[in-house]
Amino acid sequence: MSTVANQQGLTDKGLGYKAHSIGGFRFERDEYFAHIFYPGGRHIMPVDAFLRALMRDVAWGFFYGTVNFDNVFGTVNHYGTVEMFIGLFNEAYRSTNRHHVETFESKDLKKVFEQMLQDWVNEGFDPFAAPDETGAPFGAKKGNNTKAIQRQRMVADRMVGLPGDLGYRTDQNGYPLNRQFQDIPTDQPEVHAEPGFEKDVHAYNFFNYVARSDVTWNPSVVSCVKDSQFCATTEEHILPITHGNDRVEWFIQATDEIIWDIDDRATGKPRAKVVMKAGDVAAMPADIRHRGYSPKRSILIVWENNDGTLPQKYASGQLKPYPVEF
Ligand code: PHB
Ligand code: FE
């Protein structure tokens, strides 16, 4: 395995970007596109879509199950190792044996992905921001945006707002209400703690907290009880990946509306359109892939089961791909 940087690439036009390689894969970028070369072929993606997907794959440690950057290229998390693939979940590639898969140590692939982000994300472009809230990623190399790409997902140390929690968001610490959430009520609940319990009893306005997030499509763990992870996120424009989960996942639409494309996880064949309005709850089955569209910034709660034994139970058929039988 080798990381080839600084080497003249096939598409090199003197734009200032390096080529990045691992195993048989080689990534290059030009003004508008990411080019992926692999044994037996090449693939191309718009560079903005590629960088938004890459950012999430890195930030989420390859996430649960499959991260499809588009309907051809992506990664599958095996929690310690990761497969990077061309056409693995694409019926046309599979039926003509044109798919290509390589397995890497997660830490090795993560390193190459991080180097690519550092090199390819220009000053003024934040891959976590909604398109209307950031600059364009196109053109020749111009600076970088280390601050944006090294942002960590917020994990509360203890309940949001209690002494010792660092995550509370206010106008004063640089987290104003998002421009599209000006209608969100920001009043705080009244708390009447018994004397002596003032530091332990607390309540806060969850909407007022989440509506100050400066990123999109980036679930943050807001509560974690054993394997039950509640992850709130603000969504605007398109989920940059098409996620094929290796377990059932629940969505709670807290405000506004998201339209979901649900496709078969293995083939990509369309299965359903799901329109989720504020108050709707859905269980996403373990045998699908999904991509969401949020016309206006909205609040979504993603509920994940972090139990590491689940992928095997679903893969072996021990568990049905859906949680309830009606
Ligand atoms: C998902 O794939 O389930 C997902 C990912 C990121 C989000 C929301 C949902 O912000
Ligand atoms: Fe998902």
# chains A, B, ... in the order shown; residues from 1 in each chain; ligands from 1
call {"tool": "closest_atom_pairs", "arguments": {"of": "chain A", "to": "ligand 2", "cutoff": "7 Å", "atoms": "only C-alpha atoms and all ligand atoms", "output": "Markdown table"}}
result
| residue | atom | partner | partner_atom_place_in_ligand_line | distance |
| --- | --- | --- | --- | --- |
| A:His243 | CA | ligand 2 | 1 (Fe) | 4.9 |
| A:Gly244 | CA | ligand 2 | 1 (Fe) | 6.5 |
| A:Asn245 | CA | ligand 2 | 1 (Fe) | 5.7 |
| A:Glu249 | CA | ligand 2 | 1 (Fe) | 6.5 |
| A:His290 | CA | ligand 2 | 1 (Fe) | 6.4 |
call {"tool": "residues_near_ligand", "arguments": {"ligand": "ligand 1", "cutoff": "9 Å", "atoms": "only C-alpha atoms and all ligand atoms", "output": "VMD selection string"}}
result
chain A and resid 56 63 to 64 67 216 to 220 231 to 235 239 to 245 249 to 251 284 289 to 292 300 to 304
call {"tool": "write_last_selection", "arguments": {"atoms": "N, CA and C atoms", "output": "tab-separated table (two decimals), in the first residue's frame"}}
result
chain	number	residue	atom	x	y	z
A	56	ARG	N	-17.84	13.88	5.17
A	56	ARG	CA	-18.65	13.11	6.11
A	56	ARG	C	-18.05	11.73	6.37
A	63	PHE	N	-18.78	5.75	9.24
A	63	PHE	CA	-20.21	5.65	9.56
A	63	PHE	C	-20.66	4.20	9.77
A	64	TYR	N	-21.96	3.98	9.81
A	64	TYR	CA	-22.54	2.64	9.90
A	64	TYR	C	-22.76	2.10	8.50
A	67	VAL	N	-21.29	3.93	2.84
A	67	VAL	CA	-21.37	5.33	2.45
A	67	VAL	C	-21.18	5.37	0.93
A	216	THR	N	-24.55	21.30	8.33
A	216	THR	CA	-25.71	20.55	7.85
A	216	THR	C	-25.34	19.08	7.65
A	217	TRP	N	-26.35	18.23	7.77
A	217	TRP	CA	-26.17	16.79	7.55
A	217	TRP	C	-24.97	16.28	8.33
A	218	ASN	N	-24.99	16.53	9.63
A	218	ASN	CA	-23.90	16.08	10.50
A	218	ASN	C	-24.47	15.79	11.89
A	219	PRO	N	-25.06	14.60	12.07
A	219	PRO	CA	-25.69	14.29	13.35
A	219	PRO	C	-24.69	14.37	14.51
A	220	SER	N	-25.09	15.05	15.59
A	220	SER	CA	-24.27	15.13	16.80
A	220	SER	C	-24.96	14.34	17.91
A	231	CYS	N	-29.17	11.43	17.93
A	231	CYS	CA	-28.29	12.35	17.22
A	231	CYS	C	-29.12	13.40	16.50
A	232	ALA	N	-29.00	14.63	16.95
A	232	ALA	CA	-29.77	15.73	16.34
A	232	ALA	C	-28.93	16.40	15.27
A	233	THR	N	-29.60	16.88	14.24
A	233	THR	CA	-28.87	17.51	13.14
A	233	THR	C	-29.77	18.49	12.42
A	234	THR	N	-29.15	19.52	11.81
A	234	THR	CA	-29.94	20.43	10.99
A	234	THR	C	-29.62	20.15	9.53
A	235	GLU	N	-30.67	20.08	8.72
A	235	GLU	CA	-30.54	19.63	7.33
A	235	GLU	C	-31.01	20.71	6.36
A	239	LEU	N	-28.58	15.45	1.50
A	239	LEU	CA	-27.63	14.60	2.23
A	239	LEU	C	-26.50	14.23	1.26
A	240	PRO	N	-25.25	14.57	1.58
A	240	PRO	CA	-24.17	14.40	0.59
A	240	PRO	C	-23.78	12.95	0.30
A	241	ILE	N	-24.32	12.01	1.05
A	241	ILE	CA	-24.04	10.60	0.78
A	241	ILE	C	-25.37	9.86	0.62
A	242	THR	N	-25.33	8.68	0.02
A	242	THR	CA	-26.51	7.82	0.08
A	242	THR	C	-26.14	6.68	1.02
A	243	HIS	N	-26.80	6.67	2.17
A	243	HIS	CA	-26.40	5.77	3.25
A	243	HIS	C	-27.08	4.42	3.16
A	244	GLY	N	-26.29	3.35	3.13
A	244	GLY	CA	-26.83	1.99	3.22
A	244	GLY	C	-26.48	1.44	4.59
A	245	ASN	N	-27.44	1.45	5.49
A	245	ASN	CA	-27.13	1.08	6.88
A	245	ASN	C	-27.00	-0.44	7.03
A	249	GLU	N	-32.54	1.95	11.47
A	249	GLU	CA	-32.24	3.29	11.99
A	249	GLU	C	-33.56	4.06	12.01
A	250	TRP	N	-33.76	4.85	13.04
A	250	TRP	CA	-35.02	5.60	13.17
A	250	TRP	C	-34.80	7.08	12.90
A	251	PHE	N	-35.79	7.71	12.26
A	251	PHE	CA	-35.77	9.15	12.03
A	251	PHE	C	-36.97	9.79	12.74
A	284	MET	N	-36.11	3.21	9.23
A	284	MET	CA	-35.48	2.89	7.96
A	284	MET	C	-34.97	1.45	8.04
A	289	ARG	N	-30.97	1.76	1.03
A	289	ARG	CA	-30.10	2.93	1.11
A	289	ARG	C	-30.99	4.15	1.01
A	290	HIS	N	-30.59	5.26	1.58
A	290	HIS	CA	-31.45	6.44	1.53
A	290	HIS	C	-30.65	7.73	1.36
A	291	ARG	N	-31.33	8.70	0.73
A	291	ARG	CA	-30.77	10.04	0.57
A	291	ARG	C	-31.89	11.04	0.77
A	292	GLY	N	-31.64	12.06	1.63
A	292	GLY	CA	-32.68	13.02	1.96
A	292	GLY	C	-32.50	14.36	1.26
A	300	LEU	N	-33.73	17.25	12.25
A	300	LEU	CA	-33.97	15.81	12.21
A	300	LEU	C	-33.26	15.17	13.39
A	301	ILE	N	-33.91	14.19	13.99
A	301	ILE	CA	-33.23	13.39	15.02
A	301	ILE	C	-33.02	11.99	14.46
A	302	VAL	N	-31.77	11.58	14.42
A	302	VAL	CA	-31.41	10.25	13.93
A	302	VAL	C	-31.14	9.39	15.15
A	303	TRP	N	-31.84	8.27	15.26
A	303	TRP	CA	-31.70	7.38	16.42
A	303	TRP	C	-31.01	6.11	15.96
A	304	GLU	N	-29.78	5.92	16.42
A	304	GLU	CA	-28.98	4.76	16.00
A	304	GLU	C	-28.79	3.80	17.17
call {"tool": "residues_around", "arguments": {"residues": "range 227-230 of chain A", "least_positions_apart": "5", "cutoff": "6 Å", "atoms": "only C-alpha atoms", "output": "count of residues only"}}
result
7
call {"tool": "residues_around", "arguments": {"residues": "Ala34 in chain A", "least_positions_apart": "5", "cutoff": "9 Å", "atoms": "only C-alpha atoms", "output": "ChimeraX atom specification"}}
result
/A:27-29,43-48,50-51
call {"tool": "select_by_dssp", "arguments": {"residues": "range 49-254 of chain A", "states": "strand (DSSP E or B)", "output": "NGL selection string"}}
result
:A and (66-68 or 73-77 or 81-86 or 100-105 or 220-225 or 228-238 or 242-244 or 249-253)
call {"tool": "residues_around", "arguments": {"residues": "Thr186 in chain A", "least_positions_apart": "4", "cutoff": "9 Å", "atoms": "only C-alpha atoms", "output": "ChimeraX atom specification"}}
result
/A:205,207-209
call {"tool": "residues_around", "arguments": {"residues": "range 131-134 of chain A", "least_positions_apart": "2", "cutoff": "10 Å", "atoms": "only C-alpha atoms", "output": "list in words"}}
result
Asp48, Gly124, Phe125, Asp126, Pro127, Phe128, Ala129, Ala136, Pro137, Arg179, Asp214, Val215, Thr216, Glu236, His237 and Ile238 of chain A
call {"tool": "write_last_selection", "arguments": {"atoms": "N, CA and C atoms", "output": "compact mmCIF listing (two decimals), in the first residue's frame"}}
result
# COMPACT_ATOMS: atom_id res chain seq x y z
N ASP A 48 -17.64 19.24 -5.98
CA ASP A 48 -18.37 19.71 -4.80
C ASP A 48 -19.06 18.54 -4.10
N GLY A 124 -12.45 29.34 1.88
CA GLY A 124 -13.79 29.87 1.60
C GLY A 124 -14.83 28.80 1.33
N PHE A 125 -14.40 27.54 1.16
CA PHE A 125 -15.39 26.46 0.95
C PHE A 125 -15.43 25.58 2.19
N ASP A 126 -16.64 25.45 2.75
CA ASP A 126 -16.82 24.59 3.93
C ASP A 126 -17.72 23.43 3.51
N PRO A 127 -17.18 22.21 3.42
CA PRO A 127 -17.99 21.08 2.93
C PRO A 127 -19.15 20.70 3.87
N PHE A 128 -19.13 21.19 5.12
CA PHE A 128 -20.21 20.92 6.07
C PHE A 128 -21.35 21.94 5.96
N ALA A 129 -21.09 23.07 5.31
CA ALA A 129 -22.09 24.14 5.27
C ALA A 129 -23.11 23.89 4.17
N ALA A 136 -17.60 28.66 -3.23
CA ALA A 136 -17.57 27.58 -4.22
C ALA A 136 -16.23 26.83 -4.13
N PRO A 137 -16.24 25.53 -4.41
CA PRO A 137 -15.01 24.72 -4.31
C PRO A 137 -14.24 24.63 -5.62
N ARG A 179 -30.32 31.48 10.00
CA ARG A 179 -31.19 32.41 9.26
C ARG A 179 -32.54 31.78 8.94
N ASP A 214 -24.11 25.24 13.07
CA ASP A 214 -23.58 25.92 11.87
C ASP A 214 -23.23 24.92 10.77
N VAL A 215 -23.62 23.65 10.95
CA VAL A 215 -23.33 22.64 9.92
C VAL A 215 -24.62 21.95 9.49
N THR A 216 -24.55 21.30 8.33
CA THR A 216 -25.71 20.55 7.85
C THR A 216 -25.34 19.08 7.65
N GLU A 236 -30.21 20.92 5.33
CA GLU A 236 -30.58 21.88 4.29
C GLU A 236 -29.92 21.41 3.00
N HIS A 237 -30.66 21.45 1.89
CA HIS A 237 -30.16 20.94 0.61
C HIS A 237 -30.15 19.41 0.66
N ILE A 238 -29.09 18.73 0.17
CA ILE A 238 -29.13 17.28 -0.03
C ILE A 238 -28.15 16.56 0.89
call {"tool": "closest_residue", "arguments": {"among": "A:Trp60, A:Tyr175, A:Phe37, A:Tyr79", "to": "Leu10 in chain A", "atoms": "only C-alpha atoms"}}
result
A:Phe37
call {"tool": "decode", "arguments": {"residues": "range 224-290 of chain A", "atoms": "C-alpha atoms", "output": "PDB file, in the first residue's frame"}}
result
ATOM      1  CA  CYS A 224     -26.298   8.293  24.777  1.00  0.00           C
ATOM      2  CA  VAL A 225     -27.731   5.593  27.020  1.00  0.00           C
ATOM      3  CA  LYS A 226     -25.818   2.329  26.579  1.00  0.00           C
ATOM      4  CA  ASP A 227     -26.139   1.622  22.812  1.00  0.00           C
ATOM      5  CA  SER A 228     -28.991   4.074  22.254  1.00  0.00           C
ATOM      6  CA  GLN A 229     -27.642   7.170  20.494  1.00  0.00           C
ATOM      7  CA  PHE A 230     -29.884  10.162  19.878  1.00  0.00           C
ATOM      8  CA  CYS A 231     -28.286  12.348  17.224  1.00  0.00           C
ATOM      9  CA  ALA A 232     -29.768  15.726  16.342  1.00  0.00           C
ATOM     10  CA  THR A 233     -28.869  17.510  13.144  1.00  0.00           C
ATOM     11  CA  THR A 234     -29.945  20.433  10.991  1.00  0.00           C
ATOM     12  CA  GLU A 235     -30.542  19.634   7.334  1.00  0.00           C
ATOM     13  CA  GLU A 236     -30.577  21.885   4.289  1.00  0.00           C
ATOM     14  CA  HIS A 237     -30.164  20.941   0.606  1.00  0.00           C
ATOM     15  CA  ILE A 238     -29.132  17.276  -0.028  1.00  0.00           C
ATOM     16  CA  LEU A 239     -27.633  14.603   2.231  1.00  0.00           C
ATOM     17  CA  PRO A 240     -24.169  14.398   0.592  1.00  0.00           C
ATOM     18  CA  ILE A 241     -24.040  10.598   0.777  1.00  0.00           C
ATOM     19  CA  THR A 242     -26.508   7.815   0.077  1.00  0.00           C
ATOM     20  CA  HIS A 243     -26.396   5.774   3.247  1.00  0.00           C
ATOM     21  CA  GLY A 244     -26.832   1.992   3.218  1.00  0.00           C
ATOM     22  CA  ASN A 245     -27.131   1.081   6.876  1.00  0.00           C
ATOM     23  CA  ASP A 246     -26.141  -2.293   8.354  1.00  0.00           C
ATOM     24  CA  ARG A 247     -28.953  -2.076  10.929  1.00  0.00           C
ATOM     25  CA  VAL A 248     -32.373  -0.466  11.383  1.00  0.00           C
ATOM     26  CA  GLU A 249     -32.243   3.290  11.988  1.00  0.00           C
ATOM     27  CA  TRP A 250     -35.021   5.599  13.171  1.00  0.00           C
ATOM     28  CA  PHE A 251     -35.766   9.148  12.032  1.00  0.00           C
ATOM     29  CA  ILE A 252     -37.813  11.697  13.969  1.00  0.00           C
ATOM     30  CA  GLN A 253     -38.612  14.793  11.916  1.00  0.00           C
ATOM     31  CA  ALA A 254     -38.686  17.601  14.485  1.00  0.00           C
ATOM     32  CA  THR A 255     -39.407  20.591  12.215  1.00  0.00           C
ATOM     33  CA  ASP A 256     -40.225  21.325   8.570  1.00  0.00           C
ATOM     34  CA  GLU A 257     -39.922  18.605   5.911  1.00  0.00           C
ATOM     35  CA  ILE A 258     -37.474  16.152   4.338  1.00  0.00           C
ATOM     36  CA  ILE A 259     -38.194  14.065   1.227  1.00  0.00           C
ATOM     37  CA  TRP A 260     -36.318  10.744   1.162  1.00  0.00           C
ATOM     38  CA  ASP A 261     -35.368   8.564  -1.795  1.00  0.00           C
ATOM     39  CA  ILE A 262     -35.310   4.962  -0.580  1.00  0.00           C
ATOM     40  CA  ASP A 263     -33.572   2.442  -2.847  1.00  0.00           C
ATOM     41  CA  ASP A 264     -32.630  -1.201  -2.554  1.00  0.00           C
ATOM     42  CA  ARG A 265     -29.297  -1.339  -0.743  1.00  0.00           C
ATOM     43  CA  ALA A 266     -27.706  -3.970  -2.995  1.00  0.00           C
ATOM     44  CA  THR A 267     -28.877  -2.877  -6.439  1.00  0.00           C
ATOM     45  CA  GLY A 268     -29.903   0.772  -6.073  1.00  0.00           C
ATOM     46  CA  LYS A 269     -33.368   0.046  -7.518  1.00  0.00           C
ATOM     47  CA  PRO A 270     -35.907   2.632  -6.267  1.00  0.00           C
ATOM     48  CA  ARG A 271     -38.203   1.328  -3.491  1.00  0.00           C
ATOM     49  CA  ALA A 272     -40.035   4.313  -2.029  1.00  0.00           C
ATOM     50  CA  LYS A 273     -40.341   8.067  -1.672  1.00  0.00           C
ATOM     51  CA  VAL A 274     -40.930   9.059   1.929  1.00  0.00           C
ATOM     52  CA  VAL A 275     -42.118  12.571   2.757  1.00  0.00           C
ATOM     53  CA  MET A 276     -41.492  13.301   6.435  1.00  0.00           C
ATOM     54  CA  LYS A 277     -43.221  16.305   7.970  1.00  0.00           C
ATOM     55  CA  ALA A 278     -42.696  17.738  11.450  1.00  0.00           C
ATOM     56  CA  GLY A 279     -43.753  15.113  13.999  1.00  0.00           C
ATOM     57  CA  ASP A 280     -43.352  12.124  11.658  1.00  0.00           C
ATOM     58  CA  VAL A 281     -41.333   9.107  12.814  1.00  0.00           C
ATOM     59  CA  ALA A 282     -39.940   6.452  10.463  1.00  0.00           C
ATOM     60  CA  ALA A 283     -37.919   3.266  10.831  1.00  0.00           C
ATOM     61  CA  MET A 284     -35.479   2.894   7.957  1.00  0.00           C
ATOM     62  CA  PRO A 285     -35.048  -0.838   7.233  1.00  0.00           C
ATOM     63  CA  ALA A 286     -31.660  -2.559   7.295  1.00  0.00           C
ATOM     64  CA  ASP A 287     -31.791  -3.545   3.602  1.00  0.00           C
ATOM     65  CA  ILE A 288     -32.176  -0.126   1.962  1.00  0.00           C
ATOM     66  CA  ARG A 289     -30.100   2.930   1.109  1.00  0.00           C
ATOM     67  CA  HIS A 290     -31.453   6.443   1.530  1.00  0.00           C
TER      68      HIS A 290
END
